[in-house]
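Novice: See target_31.csv below, with CSV, C-alpha atoms and all ligand atoms.
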```
chain,number,residue,atom,x,y,z
A,24,MET,CA,-9.6,-3.8,22.8
A,25,SER,CA,-13.1,-4.2,21.6
A,26,VAL,CA,-15.7,-1.7,20.3
A,27,LEU,CA,-19.4,-1.5,21.3
A,28,VAL,CA,-21.5,-0.4,18.3
A,29,VAL,CA,-25.1,0.7,18.7
A,30,GLY,CA,-27.4,1.9,15.9
A,31,SER,CA,-29.9,0.8,13.4
A,32,ILE,CA,-30.0,-2.7,11.8
A,33,GLY,CA,-32.3,-2.8,8.9
A,34,LEU,CA,-33.4,-3.8,5.4
A,35,ASP,CA,-32.7,-1.2,2.7
A,36,THR,CA,-34.1,-0.6,-0.8
A,37,VAL,CA,-31.7,1.5,-2.8
A,38,LYS,CA,-32.1,3.0,-6.3
A,39,THR,CA,-29.3,4.5,-8.2
A,40,PRO,CA,-29.5,6.0,-11.8
A,41,ILE,CA,-28.4,2.6,-13.0
A,42,GLU,CA,-29.8,-0.1,-10.7
A,43,GLU,CA,-32.3,-0.8,-7.9
A,44,HIS,CA,-32.1,-3.5,-5.3
A,45,ALA,CA,-34.6,-4.3,-2.5
A,46,ASP,CA,-34.4,-5.7,1.0
A,47,LEU,CA,-30.6,-5.4,1.4
A,48,LEU,CA,-28.8,-5.7,4.7
A,49,GLY,CA,-28.4,-2.1,5.9
A,50,GLY,CA,-28.6,0.1,8.9
A,51,SER,CA,-25.9,2.4,10.5
A,52,ALA,CA,-24.8,-0.3,13.1
A,53,SER,CA,-24.6,-3.1,10.5
A,54,TYR,CA,-22.1,-1.0,8.3
A,55,ALA,CA,-20.2,0.3,11.3
A,56,ALA,CA,-19.9,-3.1,13.1
A,57,VAL,CA,-18.7,-5.0,10.0
A,58,ALA,CA,-16.1,-2.2,9.2
A,59,ALA,CA,-14.8,-2.3,12.8
A,60,SER,CA,-14.6,-6.1,12.8
A,61,PHE,CA,-11.7,-5.9,10.3
A,62,PHE,CA,-9.5,-4.6,13.1
A,63,THR,CA,-11.0,-5.7,16.5
A,64,GLY,CA,-13.7,-7.5,18.4
A,65,VAL,CA,-17.2,-5.9,18.2
A,66,ASN,CA,-20.2,-6.0,20.5
A,67,LEU,CA,-23.3,-5.1,18.5
A,68,VAL,CA,-26.4,-3.5,20.1
A,69,GLY,CA,-29.5,-3.1,18.1
A,70,ILE,CA,-33.0,-4.5,17.3
A,71,VAL,CA,-34.5,-6.5,14.5
A,72,GLY,CA,-37.9,-8.2,13.9
A,73,ASP,CA,-38.5,-11.9,13.4
A,74,ASP,CA,-38.5,-11.4,9.7
A,75,PHE,CA,-34.8,-10.5,9.7
A,76,PRO,CA,-33.1,-13.1,7.4
A,77,LYS,CA,-31.0,-15.7,9.3
A,78,THR,CA,-28.3,-15.3,6.6
A,79,HIS,CA,-27.6,-11.8,7.8
A,80,ILE,CA,-27.2,-13.0,11.4
A,81,GLY,CA,-24.9,-15.7,10.0
A,82,TYR,CA,-22.8,-13.0,8.2
A,83,PHE,CA,-22.4,-11.0,11.5
A,84,GLU,CA,-21.3,-14.2,13.2
A,85,SER,CA,-18.9,-15.0,10.5
A,86,ARG,CA,-17.2,-11.6,11.2
A,87,GLN,CA,-16.9,-12.7,14.9
A,88,ILE,CA,-19.3,-9.9,15.9
A,89,ASP,CA,-20.9,-10.6,19.4
A,90,LEU,CA,-24.7,-10.5,19.1
A,91,ALA,CA,-25.7,-10.9,22.7
A,92,GLY,CA,-26.8,-7.2,22.6
A,93,MET,CA,-28.9,-7.7,19.4
A,94,GLN,CA,-32.6,-8.0,20.3
A,95,ILE,CA,-34.8,-10.2,18.0
A,96,VAL,CA,-38.5,-9.4,18.7
A,97,PRO,CA,-41.8,-10.2,17.1
A,98,GLY,CA,-42.6,-7.8,14.3
A,99,LYS,CA,-41.1,-6.2,11.3
A,100,THR,CA,-37.5,-5.1,10.9
A,101,PHE,CA,-36.6,-1.4,10.4
A,102,ARG,CA,-36.8,-0.5,6.7
A,103,TRP,CA,-35.4,2.4,4.7
A,104,SER,CA,-35.4,3.3,1.1
A,105,GLY,CA,-33.4,5.9,-0.8
A,106,GLU,CA,-32.8,7.1,-4.3
A,107,TYR,CA,-29.5,8.6,-5.5
A,108,HIS,CA,-29.3,11.4,-8.0
A,109,TRP,CA,-26.9,11.6,-11.0
A,110,ASP,CA,-24.0,12.8,-8.9
A,111,MET,CA,-24.2,9.7,-6.7
A,112,ASN,CA,-23.5,12.0,-3.8
A,113,THR,CA,-26.9,13.4,-3.0
A,114,ARG,CA,-30.0,11.3,-2.4
A,115,THR,CA,-33.7,11.5,-1.5
A,116,THR,CA,-35.2,9.3,1.2
A,117,ARG,CA,-38.2,7.6,-0.3
A,118,SER,CA,-39.5,5.9,2.9
A,119,THR,CA,-38.5,5.1,6.5
A,120,GLU,CA,-40.5,2.4,8.3
A,121,LEU,CA,-39.4,2.3,11.9
A,122,ASN,CA,-41.3,-0.9,12.8
A,123,VAL,CA,-39.7,-2.6,15.8
A,124,PHE,CA,-37.2,0.2,16.0
A,125,GLU,CA,-39.9,2.6,17.1
A,126,HIS,CA,-40.0,1.2,20.7
A,127,PHE,CA,-36.3,0.2,20.9
A,128,THR,CA,-34.6,0.7,24.2
A,129,PRO,CA,-31.0,-0.4,24.0
A,130,THR,CA,-30.3,-2.6,27.0
A,131,LEU,CA,-26.8,-3.8,27.3
A,132,PRO,CA,-25.8,-7.3,28.5
A,133,SER,CA,-23.9,-6.7,31.8
A,134,ASN,CA,-20.5,-7.7,30.4
A,135,TYR,CA,-20.8,-5.0,27.7
A,136,GLY,CA,-20.6,-2.2,30.3
A,137,GLU,CA,-16.8,-2.4,30.4
A,138,THR,CA,-16.2,-2.2,26.6
A,139,PRO,CA,-13.4,0.4,26.3
A,140,PHE,CA,-14.4,1.9,22.9
A,141,VAL,CA,-17.9,3.0,22.1
A,142,LEU,CA,-19.3,3.9,18.7
A,143,LEU,CA,-22.8,5.5,18.9
A,144,ALA,CA,-23.8,5.1,15.3
A,145,ASN,CA,-26.8,7.0,14.0
A,146,ILE,CA,-29.9,6.6,16.2
A,147,ALA,CA,-31.8,9.2,18.3
A,148,PRO,CA,-29.4,11.0,20.6
A,149,ALA,CA,-31.6,10.2,23.7
A,150,LEU,CA,-31.0,6.5,22.9
A,151,GLN,CA,-27.2,7.1,22.4
A,152,SER,CA,-27.2,8.8,25.9
A,153,HIS,CA,-29.1,5.8,27.3
A,154,VAL,CA,-26.3,3.5,26.2
A,155,LEU,CA,-23.7,5.7,27.8
A,156,ASP,CA,-25.7,5.6,31.1
A,157,GLN,CA,-25.0,1.8,31.1
A,158,MET,CA,-21.3,2.1,30.4
A,159,GLN,CA,-18.7,2.0,33.2
A,160,LYS,CA,-15.9,4.2,32.1
A,161,PRO,CA,-15.1,3.9,28.4
A,162,LYS,CA,-11.7,5.0,27.2
A,163,PHE,CA,-13.1,6.7,24.1
A,164,ILE,CA,-16.6,7.5,22.9
A,165,ILE,CA,-17.5,8.4,19.3
A,166,ALA,CA,-20.9,9.6,18.2
A,167,ASP,CA,-22.4,9.9,14.7
A,168,THR,CA,-25.6,11.8,14.0
A,169,MET,CA,-27.8,13.0,11.1
A,170,ASN,CA,-29.8,16.1,10.1
A,171,LEU,CA,-33.1,14.6,11.4
A,172,TRP,CA,-31.8,14.8,15.0
A,173,ILE,CA,-30.5,18.3,14.6
A,174,GLU,CA,-34.0,19.3,13.5
A,175,ILE,CA,-36.2,17.3,15.9
A,176,ALA,CA,-34.0,16.5,18.9
A,177,LYS,CA,-31.4,19.3,19.1
A,178,ASN,CA,-31.5,19.6,22.9
A,179,ASP,CA,-30.9,15.8,23.3
A,180,LEU,CA,-28.0,16.1,20.8
A,181,LEU,CA,-26.5,19.0,22.7
A,182,ALA,CA,-26.7,17.0,26.0
A,183,LEU,CA,-25.0,14.1,24.3
A,184,LEU,CA,-22.2,16.2,22.9
A,185,LYS,CA,-21.0,17.0,26.4
A,186,ARG,CA,-20.4,13.3,27.0
A,187,VAL,CA,-18.5,12.2,23.9
A,188,ASP,CA,-14.9,12.4,22.9
A,189,MET,CA,-15.5,12.7,19.2
A,190,LEU,CA,-18.4,13.7,16.9
A,191,ILE,CA,-18.6,12.5,13.3
A,192,LEU,CA,-21.0,14.3,11.0
A,193,ASN,CA,-21.3,15.5,7.3
A,194,ASP,CA,-20.7,19.0,6.0
A,195,GLY,CA,-24.4,19.9,5.7
A,196,GLU,CA,-25.1,18.7,9.2
A,197,ALA,CA,-22.2,20.6,10.6
A,198,ARG,CA,-23.5,23.8,9.0
A,199,GLU,CA,-27.0,23.1,10.2
A,200,LEU,CA,-25.9,22.4,13.7
A,201,THR,CA,-23.8,25.5,14.1
A,202,GLY,CA,-25.3,28.1,11.6
A,203,GLU,CA,-21.8,28.6,10.2
A,204,THR,CA,-21.1,28.4,6.5
A,205,SER,CA,-17.4,27.9,6.9
A,206,LEU,CA,-16.6,24.3,7.8
A,207,ILE,CA,-13.5,25.4,9.7
A,208,LYS,CA,-15.6,27.7,11.9
A,209,ALA,CA,-18.2,24.9,12.2
A,210,GLY,CA,-15.6,22.4,13.4
A,211,ARG,CA,-14.3,24.8,16.1
A,212,CYS,CA,-17.8,25.7,17.1
A,213,ILE,CA,-18.7,22.0,17.6
A,214,ARG,CA,-15.6,21.4,19.7
A,215,ASP,CA,-16.9,24.2,22.0
A,216,LEU,CA,-20.1,22.2,22.4
A,217,GLY,CA,-18.1,19.3,24.1
A,218,PRO,CA,-16.2,16.8,21.9
A,219,THR,CA,-12.4,17.1,21.9
A,220,TYR,CA,-12.3,15.9,18.3
A,221,VAL,CA,-14.7,16.5,15.4
A,222,ALA,CA,-14.6,14.8,12.0
A,223,ILE,CA,-16.6,16.6,9.2
A,224,LYS,CA,-17.2,14.3,6.2
A,225,LYS,CA,-17.4,15.9,2.8
A,226,GLY,CA,-18.5,12.9,0.7
A,227,GLU,CA,-16.3,12.5,-2.3
A,228,HIS,CA,-14.2,15.4,-1.2
A,229,GLY,CA,-12.8,13.7,1.9
A,230,CYS,CA,-12.9,14.7,5.6
A,231,LEU,CA,-11.7,17.4,8.0
A,232,LEU,CA,-10.4,16.4,11.5
A,233,PHE,CA,-10.3,19.0,14.3
A,234,GLY,CA,-8.4,18.6,17.5
A,235,GLU,CA,-7.4,21.0,20.3
A,236,ASP,CA,-4.7,22.8,18.3
A,237,ASN,CA,-4.5,20.5,15.4
A,238,PHE,CA,-6.2,20.2,12.0
A,239,PHE,CA,-6.0,17.4,9.4
A,240,SER,CA,-7.5,17.4,5.9
A,241,CYS,CA,-7.9,13.9,4.4
A,242,ALA,CA,-8.8,13.4,0.8
A,243,ALA,CA,-11.2,10.7,-0.3
A,244,TYR,CA,-9.7,7.7,-2.2
A,245,PRO,CA,-10.5,8.4,-5.9
A,246,LEU,CA,-12.7,5.8,-7.4
A,247,GLU,CA,-13.7,5.2,-11.0
A,248,ASP,CA,-16.9,3.3,-10.2
A,249,ILE,CA,-19.3,4.0,-7.4
A,250,HIS,CA,-22.2,1.6,-7.2
A,251,ASP,CA,-23.9,2.4,-3.9
A,252,PRO,CA,-22.8,5.2,-1.5
A,253,THR,CA,-25.2,4.0,1.2
A,254,GLY,CA,-23.5,3.4,4.5
A,255,ALA,CA,-20.2,5.1,3.5
A,256,GLY,CA,-20.4,7.3,6.6
A,257,ASP,CA,-21.1,4.5,8.9
A,258,THR,CA,-18.3,2.4,7.4
A,259,PHE,CA,-16.0,5.3,7.8
A,260,ALA,CA,-16.9,5.6,11.5
A,261,GLY,CA,-16.6,1.8,12.1
A,262,GLY,CA,-13.3,1.6,10.4
A,263,LEU,CA,-12.0,4.6,12.4
A,264,ALA,CA,-13.3,3.2,15.7
A,265,GLY,CA,-11.9,-0.3,14.9
A,266,TYR,CA,-8.5,0.9,14.0
A,267,LEU,CA,-8.3,3.1,17.2
A,268,ALA,CA,-9.4,0.2,19.4
A,269,SER,CA,-6.7,-2.0,17.9
A,270,HIS,CA,-4.0,0.6,18.6
A,271,SER,CA,-5.2,1.5,22.0
A,272,ASP,CA,-2.0,1.3,24.0
A,273,GLY,CA,-1.4,4.6,25.7
A,274,GLU,CA,-3.2,7.8,25.0
A,275,ILE,CA,-5.5,8.5,22.1
A,276,THR,CA,-3.4,11.2,20.3
A,277,PHE,CA,-4.2,13.4,17.3
A,278,GLN,CA,-1.5,11.4,15.4
A,279,LYS,CA,-3.4,8.2,16.0
A,280,LEU,CA,-6.7,9.8,15.0
A,281,ARG,CA,-5.2,11.0,11.8
A,282,LYS,CA,-4.3,7.4,10.8
A,283,ALA,CA,-7.7,6.2,12.0
A,284,VAL,CA,-9.4,8.7,9.7
A,285,VAL,CA,-7.3,7.4,6.8
A,286,TYR,CA,-8.3,3.8,7.6
A,287,GLY,CA,-11.9,4.8,7.9
A,288,SER,CA,-11.7,6.5,4.5
A,289,VAL,CA,-10.1,3.3,3.0
A,290,LEU,CA,-12.9,1.1,4.4
A,291,ALA,CA,-15.6,3.5,3.1
A,292,SER,CA,-14.0,3.5,-0.4
A,293,PHE,CA,-14.3,-0.2,-0.6
A,294,ASN,CA,-17.9,-0.2,0.7
A,295,VAL,CA,-19.2,2.0,-2.1
A,296,GLU,CA,-17.9,-0.3,-4.8
A,297,ALA,CA,-21.0,-2.6,-4.4
A,298,PHE,CA,-24.5,-2.5,-3.0
A,299,SER,CA,-25.2,-3.0,0.7
A,300,LEU,CA,-22.3,-4.8,2.5
A,301,GLU,CA,-21.5,-7.0,-0.5
A,302,ARG,CA,-17.9,-5.7,-1.0
A,303,MET,CA,-17.2,-6.3,2.7
A,304,ARG,CA,-17.8,-10.0,2.2
A,305,THR,CA,-14.7,-10.5,0.0
A,306,LEU,CA,-12.5,-7.8,1.5
A,307,THR,CA,-9.3,-8.8,3.3
A,308,ILE,CA,-7.0,-7.0,5.6
A,309,ARG,CA,-4.4,-7.3,2.9
A,310,ASP,CA,-6.7,-5.4,0.5
A,311,ILE,CA,-7.1,-2.7,3.1
A,312,GLU,CA,-3.3,-2.4,3.7
A,313,GLU,CA,-2.6,-2.2,0.0
A,314,ARG,CA,-5.1,0.5,-0.6
A,315,TYR,CA,-3.8,2.4,2.5
A,316,GLN,CA,-0.3,2.4,0.9
A,317,MET,CA,-1.7,3.5,-2.5
A,318,PHE,CA,-3.7,6.2,-0.8
A,319,LYS,CA,-0.6,7.3,1.0
A,320,LEU,CA,1.4,7.6,-2.2
A,321,MET,CA,-1.5,9.5,-3.9
A,322,SER,CA,-2.0,11.9,-1.0
A,323,HIS,CA,1.6,12.4,0.1
A,324,PHE,CA,0.6,12.0,3.7
A,325,GLU,CA,3.9,10.3,4.7
A,326,VAL,CA,4.2,12.8,7.6
A,327,LEU,CA,1.8,10.3,9.3
A,328,GLU,CA,4.6,7.8,9.9
A,401,LIG,P1,-25.6,6.7,5.5
A,401,LIG,O1,-25.5,6.4,4.0
A,401,LIG,O2,-24.3,6.7,6.2
A,401,LIG,O3,-26.4,7.9,5.8
A,401,LIG,O4,-26.4,5.5,6.2
A,401,LIG,C1,-27.4,4.8,5.6
A,401,LIG,C2,-28.0,3.8,6.5
A,401,LIG,O5,-28.7,4.5,7.6
A,401,LIG,C3,-29.0,2.9,5.8
A,401,LIG,O6,-28.5,1.6,5.8
A,401,LIG,C4,-30.3,3.1,6.6
A,401,LIG,O7,-30.9,1.9,6.9
A,401,LIG,C5,-29.9,3.8,7.9
A,401,LIG,N1,-30.9,4.9,8.3
A,401,LIG,C6,-31.6,5.7,7.5
A,401,LIG,N2,-32.4,6.5,8.2
A,401,LIG,C7,-32.2,6.2,9.5
A,401,LIG,C8,-32.7,6.7,10.8
A,401,LIG,N3,-33.6,7.6,10.8
A,401,LIG,N4,-32.2,6.2,11.9
A,401,LIG,C9,-31.2,5.2,11.9
A,401,LIG,N5,-30.7,4.7,10.7
A,401,LIG,C10,-31.2,5.2,9.6
```
Would you mind writing the file's structure down as structure tokens?
Ligand code: AMP
Specialist:
Amino acid sequence: MSVLVVGSIGLDTVKTPIEEHADLLGGSASYAAVAASFFTGVNLVGIVGDDFPKTHIGYFESRQIDLAGMQIVPGKTFRWSGEYHWDMNTRTTRSTELNVFEHFTPTLPSNYGETPFVLLANIAPALQSHVLDQMQKPKFIIADTMNLWIEIAKNDLLALLKRVDMLILNDGEARELTGETSLIKAGRCIRDLGPTYVAIKKGEHGCLLFGEDNFFSCAAYPLEDIHDPTGAGDTFAGGLAGYLASHSDGEITFQKLRKAVVYGSVLASFNVEAFSLERMRTLTIRDIEERYQMFKLMSHFEVLE
């Protein structure tokens, strides 16, 4: 079964303590769509300007990503720039230029309405809801968000939460959304706001998954060299959604979600090994399976079998 991914598609300039690279392929939907494409078919919904390099479009096509929902309009593509601190975990946003993204209204091609899995990657929650308005009856809806929307569009976000099956957010955002310092309390509190499942990402410390009566703590794959953490969260969400969609027979169970969280973490661990989506270009499903097995040995999560 395929996944519909909606979110930002942009050009990023990223500075780490070691290197700086400009005008890289980025955006929440770019990372999520490419990650999901390792497991299943992807329908990408987003907007770019007429300055968006054709090579990036060619790359999406090479991943068999359906681009009928990607609008190319006159004007400049969304641009974002960030600078990482020494810990490579925290960063400062240097600039955000919305450009064509400012007036984006996601309009789905009619055949996208029946896509069974939906990943609402990071964009304004009102736009995420607008996408759901155009969907028939998806089997599973996942939403990602960021601190900006908790601060400037909280009511829209709360309305969205009543319509999604799963919310993915990072630890700081979970605390900000709920006012709880304990992540366990924050996870439960977010479940009370609507989603059956909540995944709280903790950067290099892994991820917590909350279900109705279940809880799973997944470590992060230990890496010696991290070159660019940008898009790790989006890659995690895309890998998770893609894995779920490719194992969609029957119910979506907590057991399946636990495995999906591990696959999402594996995809994210590859992504941070190079800038932008560069590592994804050479990645194979065999590399993913090998790292999954290694991760399993390291984490002793054989109970997942
Ligand atoms: P992450 O590292 O998972 O937070 O995602 C980074 C990606 O999010 C970058 O590639 C940016 O282009 C994109 N991004 C940054 N700010 C925004 C925003 N306000 N709305 C949508 N996407 C954004």
Novice: From the list A:Gly210, A:Gly98, A:Pro139, A:Gly217, which residue is nearest Asp188 in chain A when using only C-alpha atoms?
Specialist: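 Under the stated criterion, the closest residue is A:Gly217.
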Novice: Could you make a table, as a tab-separated table, of the residues of chain A that have an atom within 6 Å of an atom of ligand LIG 401 (chain A), each with its nearest atom pair and distance in Å to one decimal, counting only C-alpha atoms and all ligand atoms, in chain and number order?
Specialist:
```
residue	atom	partner	partner_atom	distance
A:Ser31	CA	A:LIG401	N5	4.8
A:Gly33	CA	A:LIG401	O7	5.3
A:Asp35	CA	A:LIG401	O7	5.5
A:Gly49	CA	A:LIG401	O6	3.7
A:Gly50	CA	A:LIG401	O6	3.4
A:Ser51	CA	A:LIG401	O5	4.5
A:Trp103	CA	A:LIG401	O7	5.0
A:Asn145	CA	A:LIG401	C9	5.2
A:Ile146	CA	A:LIG401	C9	4.7
A:Thr253	CA	A:LIG401	O1	3.7
A:Gly254	CA	A:LIG401	O1	3.6
A:Ala255	CA	A:LIG401	O2	5.2
A:Gly256	CA	A:LIG401	O2	4.0
A:Asp257	CA	A:LIG401	O2	4.7
```
Novice: Work out how far CA of Pro218 in chain A is from CA of Arg186 in chain A, in Å to one decimal.
Specialist: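 Pair CA of Arg186 in chain A / CA of Pro218 in chain A returns 7.5 Å.
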Novice: Given the choices A:Val68, A:Ala147, A:Leu180, A:Ala268, which gets closest to Pro161 in chain A if the distance is worked out from only C-alpha atoms?
Specialist: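 For Pro161 in chain A, the nearest of the given residues is A:Ala268.
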Novice: May I have the residues within 8 Å of Leu267 in chain A as an mmCIF file with C-alpha atoms, in the coordinates of the input, using all atoms listed in the file and disregarding those fewer than 6 positions away in the same chain?
Specialist:
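The resulting file, result08.cif, is shown below:
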```cif
data_model
loop_
_atom_site.group_PDB
_atom_site.id
_atom_site.type_symbol
_atom_site.label_atom_id
_atom_site.label_comp_id
_atom_site.auth_asym_id
_atom_site.auth_seq_id
_atom_site.Cartn_x
_atom_site.Cartn_y
_atom_site.Cartn_z
ATOM 1 C CA ILE A 275 -5.500 8.500 22.100
ATOM 2 C CA LYS A 279 -3.400 8.200 16.000
ATOM 3 C CA LEU A 280 -6.700 9.800 15.000
ATOM 4 C CA ALA A 283 -7.700 6.200 12.000
#
```
Novice: Do you have the CA of Tyr286 in chain A-CA of Gly92 in chain A distance handy?
Specialist: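 That distance, rounded to one decimal, is 26.2 Å.
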Novice: Find the residues near Pro252 in chain A: any atom within 8 Å, counting all atoms listed in the file, skip ones fewer than 5 places away on the same chain, and give them as a list in words.
Specialist: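 Neighbouring residues, sequence-local ones excluded: Met111, Asn112, Asn294 and Val295 of chain A.
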Novice: What is the CA of Ile70 in chain A to CA of His44 in chain A distance in Å?
Specialist: 22.6 Å
Novice: Here is a test: counting only C-alpha atoms, which residue of A:Val154, A:Val123, A:Val57, A:Met189 is nearest to Ala166 in chain A?
Specialist: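 Closest to Ala166 in chain A of all the choices is A:Met189.
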Novice: With the cut-off set at 9 Å and counting only C-alpha atoms, tabulate each residue of range 169-251 of chain A with an atom at most that distance from an atom of range 305-320 of chain A, showing the nearest atom pair and its distance in Å to one decimal, ordered by chain and increasing number, as a tab-separated table.
Specialist:
```
residue	atom	partner	partner_atom	distance
A:Ala242	CA	A:Phe318	CA	9.0
A:Ala243	CA	A:Phe318	CA	8.8
A:Tyr244	CA	A:Phe318	CA	6.3
A:Pro245	CA	A:Phe318	CA	8.8
```
Novice: Could you tell me which of A:Leu246, A:Leu48, A:Val37, A:Ile191 comes closest to Leu231 in chain A if we count all atoms listed in the file?
Specialist: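 Nearest to Leu231 in chain A: A:Ile191.
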Novice: Return the single residue from A:Thr258, A:Ser60, A:Asn193, A:Ser104 that is closest to Ala45 in chain A, with distances computed using all atoms listed in the file.
Specialist: A:Ser104
Novice: Check the smallest atom-to-atom distance from each of A:Pro132, A:Pro40, A:Gly69, A:Gly262 to Phe293 in chain A using all atoms listed in the file, then report the winner.
Specialist: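 Smallest distance to Phe293 in chain A is found for A:Gly262.
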Novice: Could you give me range 225-241 of chain A completed to N, CA and C atoms, formatted as a PDB file, keeping the file's coordinate frame?
Specialist:
```
ATOM      1  N   LYS A 225     -16.980  15.104   3.939  1.00  0.00           N
ATOM      2  CA  LYS A 225     -17.400  15.900   2.800  1.00  0.00           C
ATOM      3  C   LYS A 225     -17.651  15.004   1.573  1.00  0.00           C
ATOM      4  N   GLY A 226     -18.200  13.820   1.813  1.00  0.00           N
ATOM      5  CA  GLY A 226     -18.500  12.900   0.700  1.00  0.00           C
ATOM      6  C   GLY A 226     -17.322  12.596  -0.133  1.00  0.00           C
ATOM      7  N   GLU A 227     -17.451  12.791  -1.442  1.00  0.00           N
ATOM      8  CA  GLU A 227     -16.300  12.500  -2.300  1.00  0.00           C
ATOM      9  C   GLU A 227     -15.152  13.397  -2.207  1.00  0.00           C
ATOM     10  N   HIS A 228     -15.298  14.433  -1.339  1.00  0.00           N
ATOM     11  CA  HIS A 228     -14.200  15.400  -1.200  1.00  0.00           C
ATOM     12  C   HIS A 228     -13.404  15.117   0.124  1.00  0.00           C
ATOM     13  N   GLY A 229     -13.670  14.026   0.795  1.00  0.00           N
ATOM     14  CA  GLY A 229     -12.800  13.700   1.900  1.00  0.00           C
ATOM     15  C   GLY A 229     -13.396  14.099   3.279  1.00  0.00           C
ATOM     16  N   CYS A 230     -12.493  14.465   4.174  1.00  0.00           N
ATOM     17  CA  CYS A 230     -12.900  14.700   5.600  1.00  0.00           C
ATOM     18  C   CYS A 230     -11.947  15.655   6.259  1.00  0.00           C
ATOM     19  N   LEU A 231     -12.493  16.434   7.182  1.00  0.00           N
ATOM     20  CA  LEU A 231     -11.700  17.400   8.000  1.00  0.00           C
ATOM     21  C   LEU A 231     -11.698  16.852   9.430  1.00  0.00           C
ATOM     22  N   LEU A 232     -10.530  16.809  10.048  1.00  0.00           N
ATOM     23  CA  LEU A 232     -10.400  16.400  11.500  1.00  0.00           C
ATOM     24  C   LEU A 232      -9.948  17.568  12.282  1.00  0.00           C
ATOM     25  N   PHE A 233     -10.678  17.858  13.361  1.00  0.00           N
ATOM     26  CA  PHE A 233     -10.300  19.000  14.300  1.00  0.00           C
ATOM     27  C   PHE A 233      -9.934  18.410  15.618  1.00  0.00           C
ATOM     28  N   GLY A 234      -8.802  18.911  16.156  1.00  0.00           N
ATOM     29  CA  GLY A 234      -8.400  18.600  17.500  1.00  0.00           C
ATOM     30  C   GLY A 234      -8.199  19.900  18.272  1.00  0.00           C
ATOM     31  N   GLU A 235      -7.569  19.804  19.436  1.00  0.00           N
ATOM     32  CA  GLU A 235      -7.400  21.000  20.300  1.00  0.00           C
ATOM     33  C   GLU A 235      -6.693  22.128  19.545  1.00  0.00           C
ATOM     34  N   ASP A 236      -5.451  21.832  19.106  1.00  0.00           N
ATOM     35  CA  ASP A 236      -4.700  22.800  18.300  1.00  0.00           C
ATOM     36  C   ASP A 236      -4.324  22.296  16.995  1.00  0.00           C
ATOM     37  N   ASN A 237      -4.965  21.205  16.583  1.00  0.00           N
ATOM     38  CA  ASN A 237      -4.500  20.500  15.400  1.00  0.00           C
ATOM     39  C   ASN A 237      -5.652  20.417  14.367  1.00  0.00           C
ATOM     40  N   PHE A 238      -5.251  20.244  13.133  1.00  0.00           N
ATOM     41  CA  PHE A 238      -6.200  20.200  12.000  1.00  0.00           C
ATOM     42  C   PHE A 238      -5.621  19.216  10.997  1.00  0.00           C
ATOM     43  N   PHE A 239      -6.454  18.358  10.420  1.00  0.00           N
ATOM     44  CA  PHE A 239      -6.000  17.400   9.400  1.00  0.00           C
ATOM     45  C   PHE A 239      -7.047  17.369   8.283  1.00  0.00           C
ATOM     46  N   SER A 240      -6.601  17.507   7.041  1.00  0.00           N
ATOM     47  CA  SER A 240      -7.500  17.400   5.900  1.00  0.00           C
ATOM     48  C   SER A 240      -7.166  16.134   5.140  1.00  0.00           C
ATOM     49  N   CYS A 241      -8.117  15.200   5.058  1.00  0.00           N
ATOM     50  CA  CYS A 241      -7.900  13.900   4.400  1.00  0.00           C
ATOM     51  C   CYS A 241      -8.723  13.863   3.129  1.00  0.00           C
TER      52      CYS A 241
END
```
